[in-house]
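Novice: Structure file structure07.csv, CSV, C-alpha atoms and all ligand atoms, is pasted below:
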chain,number,residue,atom,x,y,z
A,628,MET,CA,6.5,13.0,-44.3
A,629,VAL,CA,3.1,12.0,-43.0
A,630,ILE,CA,4.4,8.7,-41.9
A,631,ASN,CA,7.4,10.4,-40.2
A,632,LEU,CA,5.2,12.7,-38.3
A,633,PHE,CA,3.0,9.8,-37.3
A,634,SER,CA,5.8,7.8,-35.9
A,635,TRP,CA,7.2,10.9,-34.2
A,636,VAL,CA,4.0,11.4,-32.4
A,637,LYS,CA,3.8,7.7,-31.6
A,638,ARG,CA,7.3,7.8,-30.3
A,639,LEU,CA,6.6,10.8,-28.2
A,640,PHE,CA,3.7,9.1,-26.5
A,641,LYS,CA,5.5,5.8,-26.3
A,642,LYS,CA,8.3,7.4,-24.3
A,643,LYS,CA,5.8,8.9,-21.9
A,644,LYS,CA,3.3,6.2,-21.6
A,645,ALA,CA,3.4,4.9,-18.0
A,646,LYS,CA,1.5,2.3,-16.0
A,647,ILE,CA,0.3,4.0,-12.8
A,648,GLY,CA,-1.2,2.1,-9.9
A,649,ILE,CA,-3.6,3.8,-7.4
A,650,TYR,CA,-2.7,2.3,-4.1
A,651,GLY,CA,-3.7,2.6,-0.5
A,652,PRO,CA,-5.5,1.1,2.4
A,653,PRO,CA,-9.2,0.1,2.1
A,654,ASN,CA,-11.6,3.1,2.0
A,655,ALA,CA,-9.0,5.7,1.4
A,656,GLY,CA,-10.9,6.9,-1.7
A,657,LYS,CA,-8.8,5.2,-4.5
A,658,THR,CA,-11.8,4.4,-6.7
A,659,THR,CA,-13.3,7.8,-6.1
A,660,LEU,CA,-10.0,9.3,-7.3
A,661,ALA,CA,-9.7,6.9,-10.2
A,662,ASN,CA,-13.3,7.8,-11.3
A,663,ARG,CA,-12.5,11.5,-11.1
A,664,ILE,CA,-9.2,11.2,-13.1
A,665,VAL,CA,-10.8,9.1,-15.8
A,666,ARG,CA,-13.9,11.3,-15.9
A,667,ASP,CA,-11.9,14.5,-16.1
A,668,TRP,CA,-9.7,13.2,-18.9
A,669,SER,CA,-11.6,10.6,-20.9
A,670,GLY,CA,-15.3,11.2,-19.9
A,671,ASP,CA,-15.9,7.8,-18.3
A,672,ALA,CA,-16.0,6.1,-14.9
A,673,MET,CA,-13.9,3.4,-13.4
A,674,GLY,CA,-15.9,1.4,-10.8
A,675,PRO,CA,-18.2,1.4,-7.8
A,676,VAL,CA,-17.5,3.2,-4.6
A,677,SER,CA,-18.7,2.3,-1.1
A,678,HIS,CA,-18.3,3.2,2.5
A,679,ILE,CA,-17.8,-0.5,3.3
A,680,PRO,CA,-14.1,-1.4,3.0
A,681,HIS,CA,-12.8,-3.7,0.3
A,682,GLU,CA,-15.4,-2.6,-2.2
A,683,THR,CA,-12.8,-3.0,-5.0
A,684,ARG,CA,-11.7,-6.6,-5.0
A,685,ARG,CA,-10.3,-6.8,-8.5
A,686,ALA,CA,-7.8,-4.5,-10.0
A,687,ARG,CA,-9.2,-2.5,-12.9
A,688,ARG,CA,-7.2,-0.9,-15.7
A,689,ARG,CA,-8.1,2.0,-17.9
A,690,GLU,CA,-5.8,2.4,-20.8
A,691,ASP,CA,-4.5,5.5,-22.6
A,692,VAL,CA,-5.7,8.3,-20.3
A,693,ILE,CA,-4.1,11.4,-21.5
A,694,ILE,CA,-3.4,14.1,-19.0
A,695,GLU,CA,-2.2,17.6,-19.8
A,696,ALA,CA,-0.8,19.9,-17.2
A,697,ASN,CA,2.0,22.5,-17.2
A,698,GLY,CA,2.5,22.1,-20.9
A,699,THR,CA,3.4,18.4,-20.4
A,700,THR,CA,1.3,15.6,-21.9
A,701,VAL,CA,1.4,12.2,-20.3
A,702,MET,CA,-0.3,9.1,-21.4
A,703,LEU,CA,-1.1,6.8,-18.6
A,704,ASP,CA,-2.6,3.4,-17.9
A,705,ILE,CA,-4.5,3.9,-14.7
A,706,ILE,CA,-4.8,0.8,-12.4
A,707,ASP,CA,-7.3,1.1,-9.6
A,708,THR,CA,-6.3,-1.6,-7.1
A,709,PRO,CA,-8.1,-3.2,-4.2
A,710,GLY,CA,-7.3,-1.8,-0.7
A,711,LEU,CA,-4.1,-3.3,0.8
A,712,ALA,CA,-4.4,-4.8,4.3
A,713,THR,CA,-2.4,-7.2,6.5
A,714,LYS,CA,-5.6,-8.5,8.2
A,715,ILE,CA,-9.1,-9.2,7.1
A,716,ASP,CA,-11.8,-10.3,9.6
A,717,PHE,CA,-15.2,-11.2,8.2
A,718,HIS,CA,-16.8,-10.1,11.5
A,719,GLY,CA,-16.0,-6.5,10.4
A,720,PHE,CA,-18.3,-6.9,7.4
A,721,MET,CA,-21.0,-8.4,9.6
A,722,ALA,CA,-20.8,-5.2,11.7
A,723,CYS,CA,-21.5,-3.4,8.5
A,724,GLY,CA,-24.8,-5.3,8.3
A,725,MET,CA,-23.9,-8.3,6.2
A,726,GLU,CA,-25.1,-11.8,6.7
A,727,GLU,CA,-22.4,-14.3,7.8
A,728,GLU,CA,-22.2,-16.1,4.4
A,729,GLU,CA,-21.9,-12.9,2.5
A,730,ALA,CA,-19.4,-11.5,5.0
A,731,LYS,CA,-17.2,-14.6,4.6
A,732,ARG,CA,-17.4,-14.4,0.8
A,733,ARG,CA,-16.5,-10.7,0.8
A,734,ALA,CA,-13.5,-11.5,3.1
A,735,LYS,CA,-12.3,-14.3,0.8
A,736,GLU,CA,-12.6,-12.0,-2.2
A,737,ALA,CA,-10.8,-9.2,-0.3
A,738,THR,CA,-7.8,-11.5,0.5
A,739,GLU,CA,-7.6,-12.3,-3.2
A,740,GLY,CA,-7.9,-8.6,-4.1
A,741,VAL,CA,-4.9,-7.8,-1.8
A,742,ILE,CA,-2.8,-10.5,-3.5
A,743,GLU,CA,-3.7,-9.0,-6.9
A,744,ALA,CA,-2.7,-5.5,-5.8
A,745,VAL,CA,0.6,-6.8,-4.4
A,746,LYS,CA,1.4,-8.6,-7.7
A,747,TRP,CA,0.6,-5.4,-9.7
A,748,LEU,CA,3.3,-3.6,-7.8
A,749,GLU,CA,6.0,-5.4,-9.8
A,750,ASP,CA,4.6,-4.2,-13.0
A,751,LEU,CA,4.2,-0.5,-12.6
A,752,ASP,CA,6.1,2.7,-13.6
A,753,GLY,CA,4.7,4.8,-10.8
A,754,VAL,CA,2.2,4.9,-7.9
A,755,ILE,CA,-0.4,7.4,-6.6
A,756,LEU,CA,-0.6,6.5,-3.0
A,757,VAL,CA,-4.0,7.6,-1.6
A,758,MET,CA,-4.3,8.2,2.2
A,759,ASP,CA,-7.2,9.2,4.2
A,760,ALA,CA,-5.9,12.5,5.7
A,761,THR,CA,-8.2,12.1,8.7
A,762,GLU,CA,-6.3,8.9,9.7
A,763,ASP,CA,-2.8,8.0,11.0
A,764,PRO,CA,-0.4,7.9,8.1
A,765,PHE,CA,2.1,5.6,9.7
A,766,THR,CA,0.6,2.3,8.7
A,767,GLN,CA,2.5,-0.7,7.4
A,768,VAL,CA,0.6,-0.6,4.1
A,769,ASN,CA,1.9,2.9,3.4
A,770,VAL,CA,5.4,2.0,4.6
A,771,THR,CA,5.4,-1.1,2.3
A,772,VAL,CA,4.2,0.6,-0.8
A,773,ILE,CA,6.6,3.5,-0.4
A,774,GLY,CA,9.5,1.1,0.4
A,775,ASN,CA,8.9,-0.9,-2.7
A,776,MET,CA,8.8,2.2,-5.0
A,777,GLU,CA,11.9,3.6,-3.3
A,778,ALA,CA,13.8,0.3,-3.7
A,779,ARG,CA,13.1,0.4,-7.4
A,780,ASN,CA,13.6,4.1,-7.8
A,781,LEU,CA,10.1,4.6,-9.2
A,782,PRO,CA,8.1,7.9,-8.8
A,783,LEU,CA,5.4,8.2,-6.2
A,784,VAL,CA,2.9,10.9,-5.5
A,785,ILE,CA,0.9,10.9,-2.3
A,786,ALA,CA,-2.7,12.1,-2.5
A,787,ALA,CA,-3.7,13.2,1.0
A,788,ASN,CA,-7.4,12.7,0.5
A,789,LYS,CA,-10.6,13.8,2.2
A,790,ILE,CA,-9.4,17.3,3.0
A,791,ASP,CA,-13.1,18.4,2.9
A,792,MET,CA,-13.4,16.8,6.3
A,793,GLN,CA,-12.7,18.8,9.5
A,794,LYS,CA,-10.3,16.3,11.0
A,795,ALA,CA,-8.1,16.1,7.9
A,796,SER,CA,-4.4,16.8,8.4
A,797,PRO,CA,-2.3,16.7,5.2
A,798,ALA,CA,0.5,18.2,7.2
A,799,ARG,CA,0.8,15.0,9.3
A,800,ILE,CA,1.2,13.0,6.1
A,801,ARG,CA,3.8,15.4,4.8
A,802,GLY,CA,5.7,15.1,8.1
A,803,ALA,CA,5.6,11.3,7.9
A,804,PHE,CA,7.0,11.0,4.4
A,805,PRO,CA,8.9,14.2,3.7
A,806,GLN,CA,10.9,12.7,0.8
A,807,HIS,CA,7.8,12.4,-1.5
A,808,PRO,CA,5.5,15.0,-2.9
A,809,THR,CA,2.1,15.2,-1.1
A,810,VAL,CA,-0.9,16.9,-2.6
A,811,PRO,CA,-3.9,17.6,-0.4
A,812,ILE,CA,-7.1,16.8,-2.3
A,813,SER,CA,-10.7,15.9,-2.0
A,814,ALA,CA,-11.4,13.3,-4.6
A,815,LEU,CA,-15.1,13.4,-3.7
A,816,GLU,CA,-15.5,17.2,-4.2
A,817,GLY,CA,-12.8,17.7,-6.7
A,818,ILE,CA,-10.8,20.1,-4.5
A,819,ASN,CA,-7.2,20.8,-5.6
A,820,THR,CA,-7.2,18.1,-8.2
A,821,ASP,CA,-5.5,20.5,-10.7
A,822,GLN,CA,-2.5,20.5,-8.4
A,823,LEU,CA,-2.5,16.7,-8.4
A,824,TYR,CA,-2.6,16.7,-12.2
A,825,LYS,CA,0.4,19.0,-12.3
A,826,GLU,CA,2.3,16.7,-10.0
A,827,ILE,CA,1.3,13.7,-12.1
A,828,ALA,CA,2.5,15.3,-15.3
A,829,LYS,CA,5.8,16.3,-13.6
A,830,ARG,CA,6.6,13.0,-11.9
A,831,PHE,CA,5.2,10.5,-14.4
A,832,GLY,CA,6.1,12.4,-17.6
B,774,MET,CA,1.8,-24.7,13.5
B,775,SER,CA,0.3,-26.5,16.4
B,776,GLN,CA,-0.8,-24.2,19.1
B,777,ASN,CA,1.1,-24.6,22.3
B,778,LYS,CA,-2.0,-24.5,24.5
B,779,ASN,CA,-0.4,-24.5,27.9
B,780,ASN,CA,1.8,-21.7,27.0
B,781,SER,CA,-0.7,-19.5,25.1
B,782,GLN,CA,-3.2,-19.6,27.9
B,783,THR,CA,-1.3,-17.5,30.3
B,784,ASN,CA,1.8,-16.2,28.5
B,785,ILE,CA,2.7,-14.7,25.2
B,786,GLN,CA,6.1,-15.5,23.9
B,787,LEU,CA,8.2,-12.7,22.3
B,788,ASP,CA,11.1,-13.6,20.0
B,789,PHE,CA,13.7,-11.0,19.2
B,790,ILE,CA,15.6,-11.8,16.0
B,791,SER,CA,18.9,-10.3,15.3
B,792,GLU,CA,20.0,-8.7,12.0
B,793,SER,CA,22.8,-11.2,11.5
B,794,LYS,CA,20.4,-14.2,11.9
B,795,LEU,CA,18.1,-12.6,9.3
B,796,ALA,CA,20.9,-11.9,7.0
B,797,GLN,CA,21.7,-15.6,6.8
B,798,MET,CA,18.2,-16.5,5.7
B,799,ALA,CA,16.7,-16.6,2.2
B,800,PRO,CA,13.6,-14.4,1.7
B,801,MET,CA,11.2,-17.3,1.7
B,802,GLU,CA,12.7,-18.7,4.8
B,803,LYS,CA,12.2,-15.5,6.7
B,804,ILE,CA,8.6,-15.1,5.6
B,805,ARG,CA,7.9,-18.7,6.5
B,806,MET,CA,9.4,-18.3,9.9
B,807,VAL,CA,7.5,-15.1,10.6
B,808,LEU,CA,4.2,-16.6,9.6
B,809,ASP,CA,4.8,-19.9,11.5
B,810,GLU,CA,5.7,-18.0,14.6
B,811,VAL,CA,2.9,-15.6,14.4
B,812,ARG,CA,0.4,-18.3,13.6
B,813,SER,CA,1.4,-20.1,16.8
B,814,GLY,CA,0.6,-17.0,18.8
B,815,LYS,CA,4.0,-15.5,19.2
B,816,ILE,CA,5.1,-11.9,18.7
B,817,ILE,CA,8.4,-11.4,16.9
B,818,VAL,CA,10.6,-8.4,16.8
B,819,LEU,CA,13.0,-8.1,13.9
B,820,GLU,CA,16.1,-6.0,14.5
B,821,ARG,CA,16.3,-4.7,11.0
B,822,GLY,CA,13.0,-5.6,9.6
B,823,LEU,CA,12.3,-7.0,6.1
B,824,ALA,CA,13.2,-5.7,2.7
B,825,PRO,CA,10.3,-3.9,1.0
B,826,ASP,CA,9.8,-6.8,-1.5
B,827,GLU,CA,9.8,-9.3,1.4
B,828,GLU,CA,7.2,-7.2,3.2
B,829,ALA,CA,5.0,-7.4,0.1
B,830,LYS,CA,5.5,-11.1,-0.1
B,831,LEU,CA,4.6,-11.5,3.6
B,832,ILE,CA,1.4,-9.6,3.0
B,833,GLU,CA,0.6,-11.8,0.0
B,834,MET,CA,1.3,-15.1,2.0
B,835,THR,CA,-0.7,-13.8,4.9
B,836,MET,CA,-3.7,-13.3,2.7
B,837,THR,CA,-3.5,-16.9,1.4
B,838,GLU,CA,-3.5,-18.2,5.0
B,839,ILE,CA,-6.5,-16.2,6.3
B,840,THR,CA,-9.2,-18.6,7.4
B,841,PRO,CA,-12.5,-17.6,9.0
B,842,ASP,CA,-12.5,-18.0,12.9
B,843,GLU,CA,-9.0,-19.3,12.8
B,844,PHE,CA,-6.5,-16.8,11.5
B,845,SER,CA,-7.5,-13.2,10.5
B,846,GLY,CA,-4.1,-12.0,9.6
B,847,ILE,CA,-1.1,-10.1,11.1
B,848,GLU,CA,-0.4,-6.8,12.7
B,849,ILE,CA,2.9,-5.6,11.4
B,850,GLU,CA,4.5,-2.3,12.3
B,851,SER,CA,7.8,-0.8,11.3
B,852,TYR,CA,9.2,2.7,11.1
B,853,PRO,CA,9.2,4.3,7.7
B,854,THR,CA,12.4,3.4,5.8
B,855,GLU,CA,15.4,5.7,5.8
B,856,GLN,CA,17.1,6.5,2.6
B,857,ASN,CA,20.8,6.6,2.4
B,858,THR,CA,21.5,9.6,0.1
B,859,SER,CA,25.1,10.4,0.5
B,860,PHE,CA,26.7,12.9,-1.9
B,861,LEU,CA,28.4,10.2,-3.9
B,862,ARG,CA,25.3,8.1,-4.2
B,863,LYS,CA,23.4,11.1,-5.4
B,864,ILE,CA,25.9,11.7,-8.1
B,865,LEU,CA,25.6,8.1,-9.1
B,866,GLY,CA,21.8,8.3,-9.0
B,867,LYS,CA,21.8,5.5,-6.4
B,868,THR,CA,20.0,5.5,-3.1
B,869,THR,CA,19.7,2.6,-0.7
B,870,THR,CA,16.7,2.0,1.4
B,871,LYS,CA,17.4,1.2,5.0
B,872,THR,CA,14.7,-0.9,6.7
B,873,ARG,CA,14.2,-0.5,10.4
B,874,LEU,CA,12.9,-2.3,13.5
B,875,THR,CA,9.7,-4.3,12.8
B,876,VAL,CA,7.2,-5.9,15.2
B,877,ILE,CA,4.9,-8.6,13.9
B,878,GLY,CA,2.1,-10.5,15.7
B,879,PRO,CA,-1.3,-12.1,15.3
B,880,ALA,CA,-3.9,-9.4,14.4
B,881,ASP,CA,-6.2,-10.5,17.3
B,882,HIS,CA,-3.4,-10.2,19.9
B,883,LEU,CA,-1.3,-7.3,18.9
B,884,LYS,CA,-2.8,-3.8,18.5
B,885,THR,CA,-1.0,-0.7,17.6
B,886,ILE,CA,-2.1,2.2,19.6
B,887,LYS,CA,0.0,4.9,18.1
B,888,LYS,CA,2.8,5.2,15.7
B,889,ASP,CA,5.2,7.9,15.0
B,890,ARG,CA,8.3,8.4,12.8
B,891,ASP,CA,10.4,7.0,15.6
B,892,MET,CA,8.1,5.5,18.2
B,893,ILE,CA,5.6,2.6,18.1
B,894,THR,CA,3.1,2.1,20.9
B,895,ALA,CA,1.4,-1.3,20.9
B,896,ILE,CA,-0.5,-3.5,23.3
B,897,VAL,CA,-0.6,-7.2,23.6
B,898,THR,CA,-3.8,-8.8,24.6
B,899,LYS,CA,-4.7,-12.4,25.4
A,901,LIG,N1,-15.5,13.1,2.6
A,901,LIG,C1,-14.9,12.5,1.7
A,901,LIG,N2,-15.2,11.2,1.4
A,901,LIG,C2,-14.6,10.5,0.4
A,901,LIG,C3,-13.6,11.2,-0.4
A,901,LIG,N3,-13.1,10.3,-1.3
A,901,LIG,C4,-13.8,9.1,-1.0
A,901,LIG,N4,-14.7,9.3,0.0
A,901,LIG,C5,-15.6,8.3,0.5
A,901,LIG,O1,-14.8,7.2,1.1
A,901,LIG,C6,-15.5,6.0,0.9
A,901,LIG,C7,-14.6,5.0,0.2
A,901,LIG,O2,-14.3,5.4,-1.1
A,901,LIG,P1,-13.8,4.5,-2.2
A,901,LIG,O3,-13.4,5.3,-3.4
A,901,LIG,O4,-14.7,3.3,-2.4
A,901,LIG,O5,-12.5,3.9,-1.5
A,901,LIG,P2,-11.4,2.9,-2.0
A,901,LIG,O6,-10.1,3.3,-1.5
A,901,LIG,O7,-11.6,2.6,-3.4
A,901,LIG,O8,-11.8,1.6,-1.1
A,901,LIG,P3,-11.6,0.0,-1.4
A,901,LIG,O9,-12.0,-0.2,-2.8
A,901,LIG,O10,-12.6,-0.6,-0.5
A,901,LIG,O11,-10.2,-0.3,-1.1
A,901,LIG,C8,-16.8,6.3,0.1
A,901,LIG,O12,-17.8,6.4,1.1
A,901,LIG,C9,-16.4,7.6,-0.5
A,901,LIG,O13,-17.6,8.4,-0.8
A,901,LIG,C10,-13.3,12.6,-0.1
A,901,LIG,O14,-12.5,13.2,-0.8
A,901,LIG,N5,-14.0,13.1,0.9
A,902,MG,MG,-12.0,0.9,-4.5
Just give me the structure as structure tokens.
Ligand SMILES: Nc1nc2c(ncn2[C@@H]2O[C@H](COP(=O)(O)OP(=O)(O)OP(=O)(O)O)[C@@H](O)[C@H]2O)c(=O)[nH]1
Ligand SMILES: [Mg+2]
Specialist:
Amino acid sequence: MVINLFSWVKRLFKKKKAKIGIYGPPNAGKTTLANRIVRDWSGDAMGPVSHIPHETRRARRREDVIIEANGTTVMLDIIDTPGLATKIDFHGFMACGMEEEEAKRRAKEATEGVIEAVKWLEDLDGVILVMDATEDPFTQVNVTVIGNMEARNLPLVIAANKIDMQKASPARIRGAFPQHPTVPISALEGINTDQLYKEIAKRFG
Amino acid sequence: MSQNKNNSQTNIQLDFISESKLAQMAPMEKIRMVLDEVRSGKIIVLERGLAPDEEAKLIEMTMTEITPDEFSGIEIESYPTEQNTSFLRKILGKTTTKTRLTVIGPADHLKTIKKDRDMITAIVTK
């Protein structure tokens, strides 16, 4: 009986365990959100955050994060990915105050990070696409991530981040991609994250 | 990918590639062609764009070719995909993604000003 119950519980989780990638352009707040999710549900942190783009240059995975919302329990592997871009110019990092050598090294690492993020796309069960709601949502990065998930019929939740800022317009994001659920949040201040967890439980469960 | 100096000093070449030509090419051929053309300074317009996995591959290949002071990447713009969700497809649980017109150019010569669901405004600079 005990064994049966154990395997039942295991099966329950196994069915619901999903690998979820946190994607988006550089600086959208992916790591800030990953840190919040992981802190809210397993009391830990994920990685460093910075106002300089391409702070995350290696994908990081946190396994077995259990989220409960709406009476649904989902077990997730959360993968915080490096910001996706189609161009990386080291001069941009010099403008942020870096020396040429350091800027070039960061640019090189950033290109490798993008490749890693793209490769992870093939190995996921779902994506949280983080967008900076103060910026134009019609970017190639967003179109490509959404296109790849749609082509494989995988669930996607859009986090319209930084709604604590005056300029933020989650409505613009919703209008751009009306076929996917969009949750306005502030990953930094923790605004509306409960709504995001409900959507996560619903879509990835 | 030798740069055509004479040409690139005064003019920028635009190539418009039809859907039927793209349909005859293998994914890697398309990506190679796009990157070669863009690296030689051209701007290309693809009638029906690339499939989402080809776009991902293009981003990946672009990253491997970025070199300081020589090639900083591409600017690529397309409209959001459209989903074909007819009644029958819905019943069968099948949707097909329709890719749309796509413009690709060297990041230092093509800048997108504004993008909408159905309109792209870009400028080409020398
Ligand atoms: N105002 C505001 N700032 C935010 C929010 N979320 C993140 N930020 C800030 O945005 C900047 C980038 O945050 P990150 O979490 O490092 O962004 P990222 O998407 O992981 O960036 P990369 O790893 O470089 O791709 C940092 O300065 C954060 O403090 C938010 O909800 N509101
Ligand atoms: Mg990050």
Novice: Using atom CA of A:Arg830 and atom O5 of ligand LIG 901 (chain A) as the two end points, give the distance in Å to one decimal.
Specialist: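 So the answer is 23.6 Å.
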Novice: Taking all atoms listed in the file into account, report as an NGL selection string which residues have an atom no farther than 7 Å from an atom of ligand LIG 901 (chain A).
Specialist: :A and (651-660 or 675-684 or 709-710 or 788-792 or 812-816)
Novice: Could you list, as a PyMOL selection string, every residue within 10 Å of B:Ile893, counting all atoms listed in the file and ignoring same-chain residues fewer than 5 positions away?
Specialist: (chain A and resi 765) or (chain B and resi 850-852+874-876+885-888)
Novice: Take the residues that were just selected and, keeping C-alpha atoms, output them as an mmCIF file, in the coordinates of the input.
Specialist:
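Resulting contents of again01.cif:
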data_model
loop_
_atom_site.group_PDB
_atom_site.id
_atom_site.type_symbol
_atom_site.label_atom_id
_atom_site.label_comp_id
_atom_site.auth_asym_id
_atom_site.auth_seq_id
_atom_site.Cartn_x
_atom_site.Cartn_y
_atom_site.Cartn_z
ATOM 1 C CA PHE A 765 2.100 5.600 9.700
ATOM 2 C CA GLU B 850 4.500 -2.300 12.300
ATOM 3 C CA SER B 851 7.800 -0.800 11.300
ATOM 4 C CA TYR B 852 9.200 2.700 11.100
ATOM 5 C CA LEU B 874 12.900 -2.300 13.500
ATOM 6 C CA THR B 875 9.700 -4.300 12.800
ATOM 7 C CA VAL B 876 7.200 -5.900 15.200
ATOM 8 C CA THR B 885 -1.000 -0.700 17.600
ATOM 9 C CA ILE B 886 -2.100 2.200 19.600
ATOM 10 C CA LYS B 887 0.000 4.900 18.100
ATOM 11 C CA LYS B 888 2.800 5.200 15.700
#
Novice: Using only C-alpha atoms and all ligand atoms, can you tell me which of A:Val754, A:Ala730, A:Ala672, A:Ala686 comes closest to ligand MG 902 (chain A)?
Specialist: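 Among A:Val754, A:Ala730, A:Ala672, A:Ala686, it is A:Ala686 that comes nearest to ligand MG 902 (chain A).
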Novice: Would you kindly report the residues of chain A within 8 Å of chain B, using all atoms listed in the file, as an mmCIF file with C-alpha atoms, in the coordinates of the input?
Specialist:
data_model
loop_
_atom_site.group_PDB
_atom_site.id
_atom_site.type_symbol
_atom_site.label_atom_id
_atom_site.label_comp_id
_atom_site.auth_asym_id
_atom_site.auth_seq_id
_atom_site.Cartn_x
_atom_site.Cartn_y
_atom_site.Cartn_z
ATOM 1 C CA ALA A 712 -4.400 -4.800 4.300
ATOM 2 C CA THR A 713 -2.400 -7.200 6.500
ATOM 3 C CA LYS A 714 -5.600 -8.500 8.200
ATOM 4 C CA ILE A 715 -9.100 -9.200 7.100
ATOM 5 C CA ASP A 716 -11.800 -10.300 9.600
ATOM 6 C CA PHE A 717 -15.200 -11.200 8.200
ATOM 7 C CA LYS A 731 -17.200 -14.600 4.600
ATOM 8 C CA THR A 738 -7.800 -11.500 0.500
ATOM 9 C CA GLU A 739 -7.600 -12.300 -3.200
ATOM 10 C CA VAL A 741 -4.900 -7.800 -1.800
ATOM 11 C CA ILE A 742 -2.800 -10.500 -3.500
ATOM 12 C CA VAL A 745 0.600 -6.800 -4.400
ATOM 13 C CA ASP A 763 -2.800 8.000 11.000
ATOM 14 C CA PHE A 765 2.100 5.600 9.700
ATOM 15 C CA THR A 766 0.600 2.300 8.700
ATOM 16 C CA GLN A 767 2.500 -0.700 7.400
ATOM 17 C CA VAL A 770 5.400 2.000 4.600
ATOM 18 C CA THR A 771 5.400 -1.100 2.300
ATOM 19 C CA VAL A 772 4.200 0.600 -0.800
ATOM 20 C CA GLY A 774 9.500 1.100 0.400
ATOM 21 C CA ASN A 775 8.900 -0.900 -2.700
ATOM 22 C CA GLU A 777 11.900 3.600 -3.300
ATOM 23 C CA ALA A 778 13.800 0.300 -3.700
ATOM 24 C CA ALA A 803 5.600 11.300 7.900
ATOM 25 C CA PHE A 804 7.000 11.000 4.400
#
Novice: Fewer than 5 positions away in the same chain doesn't count, so skip those; otherwise give me all residues within 10 Å of A:Ile706, counting only C-alpha atoms, as a ChimeraX atom specification.
Specialist: /A:646-650,657-658,661,673,686-690,744,747,751,754-755
Novice: For a test of reading the model, state the distance in Å between atom CA of A:Ala645 and atom CA of A:Gly753, rounded to one decimal.
Specialist: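 Atom CA of A:Ala645 sits 7.3 Å away from atom CA of A:Gly753.
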Novice: Pull the neighbourhood of (18.3, -14.0, 4.2) for me: all residues within 12 Å in file coordinates, counting all atoms listed in the file, as a ChimeraX atom specification.
Specialist: /B:791-806,821-824,827
Novice: Any idea what the distance is between atom CA of A:Gly674 and atom CA of A:Met725?
Specialist: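 The value is 21.1 Å.
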